[in-house]
Every structure is written in structure tokens, then in C-alpha cells.
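Step one of this worksheet: look at the structure below.
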Amino acid sequence: MKKYLILRFSFAKTTIVLFLLISCFVQGQTPKGKLFIIGGGDRSDELMKQVLSVAELSKKDYIVVLPMSSEQPDSSFIFFKTQMVKLTSNPIVMLNFNRETAQNKTLADSVQKAKLIFITGGDQVRFMNVVQNTPVKTAIQKAYENGSTISGTSAGAAVMSEKMITGNQKLQKEYSGTFDNIRYNNLETSEGLGLLKTAIIDQHFLKRNRYNRLLSALVEFPALTGIGIDESTAIIVRNNQIEVAGESEIIVVKNPKGILKAKKNNLISIENLQMSIYTAGQKFNIK
């Protein structure tokens with residue numbers, strides 16, 4: 001009996017160790033794909049040529065456009081395709097999902113097999129409401145893990161991170177394009193695609209003066225890196241390395257120290273933080 005108990009314990013211990021090793025291996029895997037995240041605004045031919053270069057399309061590969069962020073998905077697709085047919089001969093297809101079709105595993109499989117997936121601008125909440133907890137979201141994640149390039153602009157940029165800025169303020173009932181304060185528990189966030197887990201993205205950054213919004217995000221999630229991408233500008237994410245592309249700048253804020261949250265009016269103070277500005281061609285690392 002004693003020998004049986006010892007053998008049983010040893011087997012259980014071995015099983016636990018194997019489980020932990022497998023879990024560590026799975027969690028430690030890095031995606032083979034890349035992200036090309038555009039801050040909105042005009043997209044020059046040169047910028048989109050860079051998207052194609054990063055994606056490394058072969059002749060048999062195709063591009064999938066996901067326009068669900070837009071109120072006018074057909075127009076978003078036509079605008080994208082009109083530009084891209086001048087730059088590539090690869091097939092470009094639109095898959096405009098709704099909550100019902102997003103459950104279709106055959107269509108989701110078409111997303112997963114695309115070498116380049118492009119998410120248009122519009123409303124990031126609208127996009128995530130369609131794909132959240134569906135095979136389509138899983139397909140995007142698996143495509144990225146397996147080597148595809150995921151690109152997006154404006155709302156299509158916001159959805160890339162795990163913590164997604166919605167654009168709404170909790171302490172202000174009506175939507176305002178101007179985020180004119182830095183207050184604790186005011187920034188509304190929700191779950192994004194989770195392709196970028198250690199950073200949070202804000203778009204149209206310099207054009208719309210969104211410093212307050214990104215600083216608020218840093219207070220809510222101090223372990224994350226805040227990346228503000230201006231219009232006509234992009235970041236190219238290869239694992240933990242980021243390269244800047246396009247015409248303007250990106251702002252990076254991180255490592256806030258001495259955060260204090262006043263009880264009155266939800267005001268915030270930060271003793272210090274790190275801020276950097278990068279332009280096209282420059283590279284930096286995130287966690």
C-alpha cells in the first residue's frame with residue numbers, strides 16, 4: 001500500500017511538472033507575424049508600399065480587408081482597394097462580418113489564411129462588438145501567431161492592444177473629441193484584439209492633442225507603454241522591437257513614478273515619467 005502511494009505521488013508530481021513546462025512553453029512563444037499600425041489620416045503610397053514589403057506576400061497570397069469599424073464599410077474597402085491595386089497584383093477581398101457571420105468558421109478560416117489583414121478606421125468599439133468572442137477574433141490572433149501581418153488605421157490601430165481606448169469618458173456622459181482633463185477612473189477602456197499586450201495605442205495623436213488621454217491610460221495601467229501615433233505615421237512591431245514609418249512622429253510615455261490620486265475631483269499627480277519622441281526610421285524596444 002505504501003509503495004502504491006509513493007508511485008501515485010510521483011506520477012502526480014511528474015504530471016504537474018510537465019503541465020507547468022508545457023504552459024511556460026506556450027506562454028513563451030513569440031508571434032511569427034508583424035503589426036503595421038497606422039495612426040489615421042492620409043496614407044501615402046510610400047507608406048502602403050512599406051506595408052506590402054513588411055507582409056512579404058508571395059504570388060499565391062491574398063489580402064483581407066475587415067471594414068467593420070466603419071459606418072460605410074463598402075466605401076472604406078473601395079478607398080483601400082483603389083490605392084492598393086496600383087501597388088500590388090495580389091487579390092484583395094473584403095469580409096464584412098456581423099455578429100452572425102462572425103460565427104462562421106469557414107469564413108474565419110479565410111481570415112486566418114490571409115498573409116495580410118487590414119482593419120479600416122471608424123469606431124473601434126463597433127469593430128470589437130462584432131468580433132469579440134468569435135472565431136474571427138481567434139482567426140486574427142492565429143494568423144498573427146503563424147506569420148501574417150496585421151495592419152490597421154485609426155480605429156484599426158486602437159484595436160491592436162489588449163487594453164483598448166474606446167474614446168469615451170466615464171465622468172462625462174456625452175462623447176467629446178477633446179479629452180480636456182487628466183482624472184483618475186475617467187478613461188474608458190475595453191478588451192481589444194490583444195495582439196500587443198505590453199503597450200496601449202492612441203491614434204491621430206499630435207493632430208488631435210491626445211496627450212491627456214494617453215497619460216490617463218498610463219495612470220490606469222502603469223506597467224504598460226503608452227504609444228501615441230500621429231496621422232500619416234505608423235509603427236512596425238516585430239516582437240518587442242518597434243520601428244517608426246511615415247511622415248510625422250510618435251510619442252512614447254512609460255514608467256510613471258509617484259502616482260497620487262486625490263480624493264477631490266479625481267485629480268491625478270505623477271512625480272515623473274519617461275517620454276520619448278521618434279520619427280521615421282528610428283527603432284526602440286518595449287517590454
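Residues are named by chain letter and number: chains run A, B, ... in the order of the C-alpha cells, numbers start at 1 in each chain, and ligands are numbered from 1 in the order shown.
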
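The protein and nucleic acid residues lying at most 10 Å from A:Thr101 are Leu95, Asn96, Phe97, Asn98, Asn104, Lys105, Thr106, Leu107, Ala108, Val130, Val131, Thr134, Pro135 and Val136 of chain A, with only C-alpha atoms considered and sequence neighbours fewer than 3 positions away removed.
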
What lies within 10 Å of stretch 259-271 of chain A using only C-alpha atoms, ignoring chain neighbours under 4 positions off, as a ChimeraX atom specification? /A:171,181-186,215-216,218-219,222

How would the residues just picked look written out with N, CA, C and O atoms as a compact mmCIF listing (two decimals), in the first residue's frame?
# COMPACT_ATOMS: atom_id res chain seq x y z
N LEU A 171 -16.62 59.92 -16.73
CA LEU A 171 -17.15 61.03 -15.94
C LEU A 171 -17.83 62.10 -16.79
O LEU A 171 -18.22 63.14 -16.30
N ASN A 181 -8.89 66.71 -19.82
CA ASN A 181 -8.56 66.57 -18.40
C ASN A 181 -7.71 65.33 -18.17
O ASN A 181 -7.59 64.47 -19.04
N ILE A 182 -7.09 65.27 -16.98
CA ILE A 182 -6.40 64.06 -16.55
C ILE A 182 -6.96 63.73 -15.17
O ILE A 182 -6.58 64.32 -14.16
N ARG A 183 -7.91 62.81 -15.15
CA ARG A 183 -8.56 62.43 -13.90
C ARG A 183 -8.57 60.92 -13.75
O ARG A 183 -8.68 60.18 -14.72
N TYR A 184 -8.46 60.49 -12.52
CA TYR A 184 -8.46 59.06 -12.24
C TYR A 184 -9.84 58.46 -12.51
O TYR A 184 -10.87 59.07 -12.25
N ASN A 185 -9.83 57.26 -13.07
CA ASN A 185 -11.05 56.49 -13.34
C ASN A 185 -12.01 57.23 -14.27
O ASN A 185 -13.23 57.12 -14.15
N ASN A 186 -11.44 57.98 -15.22
CA ASN A 186 -12.27 58.66 -16.22
C ASN A 186 -12.14 58.01 -17.59
O ASN A 186 -13.08 58.01 -18.37
N LEU A 215 -1.91 59.91 -21.10
CA LEU A 215 -1.42 59.99 -19.72
C LEU A 215 -2.42 59.35 -18.76
O LEU A 215 -2.04 58.69 -17.78
N SER A 216 -3.70 59.54 -19.03
CA SER A 216 -4.73 58.90 -18.21
C SER A 216 -4.62 57.39 -18.30
O SER A 216 -4.79 56.67 -17.31
N LEU A 218 -1.91 55.73 -18.85
CA LEU A 218 -0.70 55.32 -18.15
C LEU A 218 -0.94 55.25 -16.64
O LEU A 218 -0.36 54.41 -15.95
N VAL A 219 -1.80 56.13 -16.14
CA VAL A 219 -2.14 56.09 -14.72
C VAL A 219 -2.97 54.83 -14.41
O VAL A 219 -2.77 54.17 -13.39
N PRO A 222 -0.06 51.46 -15.29
CA PRO A 222 1.32 51.96 -15.23
C PRO A 222 2.37 50.97 -15.73
O PRO A 222 3.48 51.38 -16.06

Can you tell me, as a ChimeraX atom specification, which residues in stretch 144-235 of chain A count as strand (DSSP E) by DSSP? /A:149-153,163-169,187-191,199-202,225-229,233-235

Could you pull the residues within 9 Å of A:Met160, counting only C-alpha atoms, minus those fewer than 4 positions along the same chain, as an MDAnalysis selection string? chainID A and resid 35 37 150:152 156 164 192:197 200:201

Name the closest residue to A:Lys34 among the candidates A:Arg99, A:Arg208, A:Lys115, A:Lys137; distances are taken between atoms, counting only C-alpha atoms. A:Lys115

How close does each residue of stretch 29-64 of chain A get to stretch 230-249 of chain A, giving the shortest atom pair and distance in Å to one decimal for every residue with an atom at most 10 Å away, counting only C-alpha atoms, sorted by chain and residue number, as CSV?
residue,atom,partner,partner_atom,distance
A:Thr30,CA,A:Asn239,CA,6.7
A:Pro31,CA,A:Asn239,CA,6.7
A:Lys32,CA,A:Asn239,CA,7.9
A:Gly33,CA,A:Arg238,CA,7.4
A:Lys34,CA,A:Arg238,CA,5.2
A:Leu35,CA,A:Val237,CA,4.9
A:Phe36,CA,A:Ile236,CA,4.6
A:Ile37,CA,A:Ala234,CA,5.2
A:Ile38,CA,A:Ala234,CA,4.1
A:Gly39,CA,A:Glu231,CA,4.8
A:Gly40,CA,A:Glu231,CA,4.7
A:Gly41,CA,A:Glu231,CA,4.7
A:Asp42,CA,A:Ser232,CA,5.3
A:Arg43,CA,A:Ser232,CA,5.5
A:Ser44,CA,A:Ser232,CA,7.3
A:Glu46,CA,A:Gly246,CA,8.1
A:Leu47,CA,A:Gly246,CA,6.0
A:Met48,CA,A:Gly246,CA,9.6
A:Gln50,CA,A:Ala245,CA,8.3
A:Val51,CA,A:Ile236,CA,8.8
A:Val54,CA,A:Ile236,CA,8.3

Let's have the selection written as a PDB file, in the first residue's frame, with N, CA and C atoms.
ATOM      1  N   THR A  30       6.680  33.402 -29.120  1.00  0.00           N
ATOM      2  CA  THR A  30       6.515  34.739 -29.679  1.00  0.00           C
ATOM      3  C   THR A  30       5.853  34.634 -31.050  1.00  0.00           C
ATOM      4  N   PRO A  31       5.007  35.604 -31.401  1.00  0.00           N
ATOM      5  CA  PRO A  31       4.334  35.554 -32.707  1.00  0.00           C
ATOM      6  C   PRO A  31       5.339  35.631 -33.851  1.00  0.00           C
ATOM      7  N   LYS A  32       5.048  34.922 -34.920  1.00  0.00           N
ATOM      8  CA  LYS A  32       5.894  34.976 -36.109  1.00  0.00           C
ATOM      9  C   LYS A  32       5.513  36.157 -37.007  1.00  0.00           C
ATOM     10  N   GLY A  33       4.328  36.715 -36.772  1.00  0.00           N
ATOM     11  CA  GLY A  33       3.837  37.798 -37.615  1.00  0.00           C
ATOM     12  C   GLY A  33       4.332  39.166 -37.194  1.00  0.00           C
ATOM     13  N   LYS A  34       3.837  40.189 -37.898  1.00  0.00           N
ATOM     14  CA  LYS A  34       4.205  41.578 -37.617  1.00  0.00           C
ATOM     15  C   LYS A  34       2.939  42.427 -37.573  1.00  0.00           C
ATOM     16  N   LEU A  35       3.050  43.564 -36.921  1.00  0.00           N
ATOM     17  CA  LEU A  35       1.963  44.537 -36.878  1.00  0.00           C
ATOM     18  C   LEU A  35       2.411  45.807 -37.588  1.00  0.00           C
ATOM     19  N   PHE A  36       1.526  46.364 -38.395  1.00  0.00           N
ATOM     20  CA  PHE A  36       1.801  47.642 -39.064  1.00  0.00           C
ATOM     21  C   PHE A  36       0.643  48.565 -38.687  1.00  0.00           C
ATOM     22  N   ILE A  37       0.865  49.403 -37.668  1.00  0.00           N
ATOM     23  CA  ILE A  37      -0.215  50.154 -37.028  1.00  0.00           C
ATOM     24  C   ILE A  37      -0.120  51.624 -37.424  1.00  0.00           C
ATOM     25  N   ILE A  38      -1.156  52.106 -38.126  1.00  0.00           N
ATOM     26  CA  ILE A  38      -1.163  53.463 -38.693  1.00  0.00           C
ATOM     27  C   ILE A  38      -2.066  54.359 -37.843  1.00  0.00           C
ATOM     28  N   GLY A  39      -1.599  55.574 -37.582  1.00  0.00           N
ATOM     29  CA  GLY A  39      -2.317  56.478 -36.682  1.00  0.00           C
ATOM     30  C   GLY A  39      -3.505  57.199 -37.285  1.00  0.00           C
ATOM     31  N   GLY A  40      -3.888  56.860 -38.500  1.00  0.00           N
ATOM     32  CA  GLY A  40      -5.028  57.520 -39.157  1.00  0.00           C
ATOM     33  C   GLY A  40      -4.578  58.549 -40.176  1.00  0.00           C
ATOM     34  N   GLY A  41      -5.541  59.291 -40.715  1.00  0.00           N
ATOM     35  CA  GLY A  41      -5.220  60.331 -41.702  1.00  0.00           C
ATOM     36  C   GLY A  41      -4.862  59.753 -43.057  1.00  0.00           C
ATOM     37  N   ASP A  42      -4.193  60.573 -43.871  1.00  0.00           N
ATOM     38  CA  ASP A  42      -3.814  60.156 -45.219  1.00  0.00           C
ATOM     39  C   ASP A  42      -2.786  59.040 -45.170  1.00  0.00           C
ATOM     40  N   ARG A  43      -2.912  58.120 -46.113  1.00  0.00           N
ATOM     41  CA  ARG A  43      -1.947  57.029 -46.236  1.00  0.00           C
ATOM     42  C   ARG A  43      -1.261  57.157 -47.586  1.00  0.00           C
ATOM     43  N   SER A  44      -0.021  57.586 -47.581  1.00  0.00           N
ATOM     44  CA  SER A  44       0.707  57.778 -48.835  1.00  0.00           C
ATOM     45  C   SER A  44       0.997  56.432 -49.486  1.00  0.00           C
ATOM     46  N   GLU A  46       3.827  55.541 -50.509  1.00  0.00           N
ATOM     47  CA  GLU A  46       5.087  55.070 -49.933  1.00  0.00           C
ATOM     48  C   GLU A  46       4.844  54.290 -48.644  1.00  0.00           C
ATOM     49  N   LEU A  47       3.917  54.782 -47.816  1.00  0.00           N
ATOM     50  CA  LEU A  47       3.614  54.093 -46.565  1.00  0.00           C
ATOM     51  C   LEU A  47       2.994  52.725 -46.838  1.00  0.00           C
ATOM     52  N   MET A  48       2.093  52.668 -47.813  1.00  0.00           N
ATOM     53  CA  MET A  48       1.427  51.402 -48.107  1.00  0.00           C
ATOM     54  C   MET A  48       2.361  50.423 -48.817  1.00  0.00           C
ATOM     55  N   GLN A  50       5.360  50.153 -47.884  1.00  0.00           N
ATOM     56  CA  GLN A  50       6.040  49.574 -46.727  1.00  0.00           C
ATOM     57  C   GLN A  50       5.211  48.466 -46.089  1.00  0.00           C
ATOM     58  N   VAL A  51       3.903  48.660 -46.048  1.00  0.00           N
ATOM     59  CA  VAL A  51       3.028  47.616 -45.531  1.00  0.00           C
ATOM     60  C   VAL A  51       3.227  46.328 -46.336  1.00  0.00           C
ATOM     61  N   VAL A  54       6.650  44.714 -45.637  1.00  0.00           N
ATOM     62  CA  VAL A  54       6.677  44.026 -44.348  1.00  0.00           C
ATOM     63  C   VAL A  54       5.916  42.701 -44.431  1.00  0.00           C
TER      64      VAL A  54
END

By how many Å are atom CA of A:Phe127 and atom CA of A:Ala155 apart? 8.3 Å

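Using only C-alpha atoms, the smallest distance between any of A:Val125, A:Thr88, A:Thr166, A:Glu188 and A:Ser70 comes from A:Val125.
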
List as a PyMOL selection string the protein and nucleic acid residues near A:Glu56, meaning an atom at most 10 Å away when only C-alpha atoms are counted, but skip any in the same chain fewer than 3 places from it. chain A and resi 50-53+59+61+115-116+148-149

Would you mind exporting N, CA and C atoms of the selected residues as an mmCIF file, in the first residue's frame?
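Result written to again-v6.cif:
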data_model
loop_
_atom_site.group_PDB
_atom_site.id
_atom_site.type_symbol
_atom_site.label_atom_id
_atom_site.label_comp_id
_atom_site.auth_asym_id
_atom_site.auth_seq_id
_atom_site.Cartn_x
_atom_site.Cartn_y
_atom_site.Cartn_z
ATOM 1 N N GLN A 50 5.360 50.153 -47.884
ATOM 2 C CA GLN A 50 6.040 49.574 -46.727
ATOM 3 C C GLN A 50 5.211 48.466 -46.089
ATOM 4 N N VAL A 51 3.903 48.660 -46.048
ATOM 5 C CA VAL A 51 3.028 47.616 -45.531
ATOM 6 C C VAL A 51 3.227 46.328 -46.336
ATOM 7 N N LEU A 52 3.218 46.452 -47.656
ATOM 8 C CA LEU A 52 3.379 45.284 -48.525
ATOM 9 C C LEU A 52 4.759 44.657 -48.362
ATOM 10 N N SER A 53 5.778 45.495 -48.187
ATOM 11 C CA SER A 53 7.132 44.993 -48.002
ATOM 12 C C SER A 53 7.252 44.190 -46.709
ATOM 13 N N LYS A 59 3.105 35.251 -54.614
ATOM 14 C CA LYS A 59 2.099 35.392 -55.668
ATOM 15 C C LYS A 59 0.768 34.753 -55.296
ATOM 16 N N ASP A 61 -0.542 34.578 -52.261
ATOM 17 C CA ASP A 61 -1.146 35.169 -51.059
ATOM 18 C C ASP A 61 -2.212 36.198 -51.407
ATOM 19 N N LYS A 115 -2.357 36.493 -45.734
ATOM 20 C CA LYS A 115 -0.986 36.874 -45.340
ATOM 21 C C LYS A 115 -0.953 38.320 -44.846
ATOM 22 N N LEU A 116 -1.938 39.117 -45.295
ATOM 23 C CA LEU A 116 -2.062 40.498 -44.833
ATOM 24 C C LEU A 116 -3.522 40.767 -44.499
ATOM 25 N N SER A 148 1.420 36.017 -40.323
ATOM 26 C CA SER A 148 0.759 37.054 -41.122
ATOM 27 C C SER A 148 1.033 38.442 -40.543
ATOM 28 N N THR A 149 0.869 39.439 -41.386
ATOM 29 C CA THR A 149 0.973 40.833 -40.945
ATOM 30 C C THR A 149 -0.425 41.379 -40.722
#

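Closest approach to A:Gln72 among A:Leu206, A:Ala102, A:Asn146, A:Thr120 is made by A:Thr120 (distances from only C-alpha atoms).
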
Among A:Asn168, A:Thr138, A:Ser176, A:Asn90, A:Gln103 is approached most closely, using only C-alpha atoms, by A:Thr138

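The residues of stretch 207-259 of chain A that DSSP assigns to alpha helix (DSSP H) on this backbone come out as Tyr211, Asn212, Arg213, Leu214, Leu215, Ser216, Ala217, Leu218, Val219 and Glu220 of chain A.
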
Between atom CA of A:Thr153 and atom CA of A:His204, what is the distance, to one decimal in Å? 9.5 Å

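Note that the spacing between atom CA of A:Ile92 and atom CA of A:Ser154 amounts to 20.2 Å.
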